[in-house]
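These notes are about the structure you will find just below.
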Amino acid sequence: MISTLQSQPPHGTDGDPTPRLGYGADYNPEQWPREVWEDDIRLMREAGVTIVSVGIFSWARIQPAEDEWDFGWLDEIMDLLHTGGIGVDLATATASPPPWLTTAHPEILPVTASGETVWPGARQHWRPTSPVFRTHALRLVGKMAERYAGHPALVAWHVSNELGCHNIYDYSDDAARAFRDWLRVRYTTLDALNHAWGTAFWSQRYSDWEQILPPRLAASHPNPTQQLDFKRFSSDALKEYLRAERDILRELTPGIPVTTNFMVMGETKGMNYADWAGEIDFVSNDHYVRPGPQDRDELSFSANLVSGISGGRPWFLMEHSTSAVNWQPVNVAKRPGELARDALLHVAHGADAVCFFQWRQSAAGAEKYHSAMVPHAGPDSEVFRAVAALGRTLETLAPVAGTTREPARVGIVFDWESWWASEQDSHPTSRLDYRQEALDWYSALLALGIRADVVTAQTGLDRYEVLIAPVLHMVPAALAKDLTRYAEQGGHLIATYFSGIVDENDHIWLGGYPGALSELLGIRIEEFGPLLDGETALIEARSVSDGTATGTLWADRITVTDPEVEVLAHYRSGTYTGRPAVTRRAVGGGSAAYVSTRLGPDGLTGLLPGLLAPAGVGSELPDAARGSVELAVRHGGGSRYLFLVNRTDATVPLTGLAGEPLIGGGADDGALILAPRGVAVLRQPAA
């Protein structure tokens, strides 16, 4: 059982061995009277639900007092779900400690950088490094595992919930002790730590480990490497907690796979999920659309990155929304077609299970205005009808289950440590947005109809003909060698401003920028050129359709140092008028290009064809569909599955694409018609 479930997410418990896509939600029966439960099961079957997550915030209900346990209600709902043919992804219930625990042990509460206690009243009010919290939480995990080890509804374990969403950074005394222990392992000696942290600056040299603290509120900018190491430590501390729960579950229920829900979306950056992925049996993710001009591009980018983190294996969409959320400044309902398009875009990028938060919309509590599969209006509603229709669609797409994403020819490198380091304080600009720069490149590729994979630096990069590395700020010597070898062996690298600047200790690579990448790129930059708000720098390039593009945020004064460098664009305005803005150096069988300003999706859309030309990379879509349609491909079992996602609010005709239609798209004189915000899936025989 475990080997099957480790290769793809679980789907249900009805005994049917046929692969299928899982469908469901977080289910919180404890919020509702007993008479509602059987109606829930009936409606779940009507909607096509195959799996639900149960018990996520149930600690206070399961353990009302330190030596009191109440499993009766959970036993009953587990039995009801099994009878209904619905599998359970059972949470360990440790996400939020109950009031009796925080009252008895306030020392488990997190502390902010300024020394304030984070009090109970919301959720996730616990220190990742608290030994007291861990004792109580792991006791609960053990009780859960022992009780439900043989339950036929149990198909997966759900460790905690959204680890680090609110408590990634804790500055308490517990955290200080754990941080020092982590540093001893990393550096072994104080001399090594003092060198890495550059403590000769500002008289910060440490002579005893006990002198070291987390980067608490300080008079000025805290030591940058101390900040970076605290980010590394904080991610590792939560990873160690994840392992502690996982190890108990594996010992007591060795046949049941273990997961936890990541949050690869938006500005959630404290947890290095690329580093965490190997700790669980299958990767799960939560994602919520944030309104904006790139809202669905960001969804696609995040789903794509989850696939990269999971090593291309199928993964589990643990949470997304049927319609409006409750935590944005303005919470807008989804338009017709968006519920299905959002869900299927995740499937296109490798999700084998699609779940929502939550099953039934809460009548009370902080998330009562968050949409659900069964809204306040009840099942006689447009939302529930759309939910049931999606269930039927996922049933039709059962052949896709277990397949993997077909690799693209272009890879976009996403690196957590560069994200952390590039956005620290006391830098050339505070306006830099690492994730946004990566998303801009992704959006530009979508606008050109070109598939790309979002990958981490730990991925085998040689599989890609083109590697785009936006703001790859932190480049250790080994990575610099790997990138050089990549280009020499025929790969085409594209780097951007503020790349190659520091090593793993956040120390500057001396000799001019872009530091570790200077020789590979064949250029030298003496000073950074951040732009003021509202300031722009026009660039001129033959490859841009109208000849020019507008740069913002940054402009580098480039000196070409190698005769093999070709200048692809010059600055046409600003301080660096006439100087190179975009360069490319021939390297062995490949090349290395540099883009020295932020061009945004529109500017990059014009520039990219010229950058991709040496690799011969183009779109696989018909000309008329490029920019309007996103293509993602999954393959396996002798078939390819082309997901065609309408990025627009208009009808899009598609011609010249062969394949058996599984869902979506009406035929019109031989053309496949994609409805506004629609999705079609074509099945082709594998080549």
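Numbering starts fresh at 1 for the residues of each chain in the structure tokens, the chains themselves are lettered A, B, ... in the order given, and ligands are numbered from 1 as they appear.
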Name the residues of stretch 393-608 of chain A that fall into helix (DSSP H, G or I) according to DSSP on the backbone, using the chain letters and numbers of this document, as number ranges by chain. A: 393-396, 398-400, 416-422, 434-447, 461-463, 477-488, 515-521, 600-608
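Residues of stretch 121-284 of chain A that DSSP, applied to the backbone, places in strand (DSSP E or B): A:Leu154, A:Val155, A:Ala156, A:Trp157, A:His158, A:Val258, A:Thr259, A:Asn261, A:Phe262, A:Ser284.
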Counting only C-alpha atoms, the option among A:Val681, A:Leu252, A:Val49, A:Ile412 closest to A:Trp359: A:Val49
Which residues of stretch 252-311 of chain A come within 12 Å of stretch 458-481 of chain A, and for each one, what is the closest pair of atoms and their distance in Å to one decimal, counting only C-alpha atoms, sorted by chain and residue number, as a Markdown table?
```
| residue | atom | partner | partner_atom | distance |
| --- | --- | --- | --- | --- |
| A:Tyr273 | CA | A:Gln458 | CA | 11.8 |
| A:Ala274 | CA | A:Gln458 | CA | 8.1 |
| A:Asp275 | CA | A:Gln458 | CA | 9.1 |
| A:Ala277 | CA | A:Gln458 | CA | 11.7 |
| A:Gly278 | CA | A:Gln458 | CA | 12.0 |
| A:Leu305 | CA | A:Thr459 | CA | 11.5 |
| A:Ser307 | CA | A:Thr459 | CA | 11.5 |
| A:Gly308 | CA | A:Thr459 | CA | 7.9 |
| A:Ile309 | CA | A:Thr459 | CA | 8.6 |
| A:Ser310 | CA | A:Thr459 | CA | 10.4 |
| A:Gly311 | CA | A:Thr459 | CA | 7.9 |
```
List the spatial neighbours of A:Leu612 as number ranges by chain - criterion: any atom at most 12 Å away, only C-alpha atoms, same-chain residues fewer than 3 positions off excluded. A: 409-411, 445, 448, 450, 465-468, 491-494, 543, 584, 590-593, 604-609, 615-619
Write out as a ChimeraX atom specification which residues come within 12 Å of A:Leu674 when counting only C-alpha atoms, dropping same-chain ones fewer than 5 positions away. /A:337,341,625,628-630,643-655,661,663-668,679-681
Quick one: everything within 9 Å of A:Ser596, counting only C-alpha atoms, minus sequence neighbours fewer than 3 positions away in the same chain. Send it as a VMD selection string. chain A and resid 495 to 498 551 554 to 558 580 to 583
Please provide as a ChimeraX atom specification all residues within 12 Å of A:Asn505, with the sequence filter that same-chain residues fewer than 4 positions apart are discarded (counting only C-alpha atoms). /A:186-187,192-198,223-229,232,417-418,421,473-477,501,509
Could the residues in this selection be written to a file with C-alpha atoms, as a PDB file, in the first residue's frame?
```pdb
ATOM      1  CA  ARG A 186      27.017  24.123  11.226  1.00  0.00           C
ATOM      2  CA  TYR A 187      30.307  25.787  12.206  1.00  0.00           C
ATOM      3  CA  ALA A 192      34.492  29.521  11.894  1.00  0.00           C
ATOM      4  CA  LEU A 193      31.286  31.263  12.974  1.00  0.00           C
ATOM      5  CA  ASN A 194      33.056  34.596  13.472  1.00  0.00           C
ATOM      6  CA  HIS A 195      34.519  34.325   9.974  1.00  0.00           C
ATOM      7  CA  ALA A 196      31.181  33.400   8.395  1.00  0.00           C
ATOM      8  CA  TRP A 197      29.347  36.192  10.181  1.00  0.00           C
ATOM      9  CA  GLY A 198      32.057  38.785   9.532  1.00  0.00           C
ATOM     10  CA  ASN A 223      24.312  41.181  11.250  1.00  0.00           C
ATOM     11  CA  PRO A 224      23.210  39.978   7.762  1.00  0.00           C
ATOM     12  CA  THR A 225      24.695  36.480   8.036  1.00  0.00           C
ATOM     13  CA  GLN A 226      23.177  36.119  11.487  1.00  0.00           C
ATOM     14  CA  GLN A 227      19.815  36.989   9.903  1.00  0.00           C
ATOM     15  CA  LEU A 228      20.369  34.530   7.072  1.00  0.00           C
ATOM     16  CA  ASP A 229      21.420  31.735   9.422  1.00  0.00           C
ATOM     17  CA  ARG A 232      17.954  28.678   7.778  1.00  0.00           C
ATOM     18  CA  GLU A 417      18.337  31.044  -0.068  1.00  0.00           C
ATOM     19  CA  SER A 418      18.700  33.619  -2.852  1.00  0.00           C
ATOM     20  CA  ALA A 421      19.395  36.845   1.083  1.00  0.00           C
ATOM     21  CA  HIS A 473      21.858  36.314  -5.733  1.00  0.00           C
ATOM     22  CA  MET A 474      23.599  33.594  -3.721  1.00  0.00           C
ATOM     23  CA  VAL A 475      26.019  31.510  -5.788  1.00  0.00           C
ATOM     24  CA  PRO A 476      28.407  29.236  -3.884  1.00  0.00           C
ATOM     25  CA  ALA A 477      31.564  28.250  -5.762  1.00  0.00           C
ATOM     26  CA  ILE A 501      26.814  38.592  -5.779  1.00  0.00           C
ATOM     27  CA  TRP A 509      32.494  37.861  -4.302  1.00  0.00           C
TER      28      TRP A 509
END
```
Give the answer as one residue: which of A:Val258, A:Val264, A:Leu642, A:Ala363 has the shortest atom-to-atom distance to A:Trp32, using only C-alpha atoms?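 Checking each of A:Val258, A:Val264, A:Leu642, A:Ala363 against A:Trp32, counting only C-alpha atoms, the winner is A:Ala363.
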Find the residues near A:Val132: any atom within 9 Å, counting only C-alpha atoms, skip ones fewer than 3 places away on the same chain, and give them as a count of residues only. 7
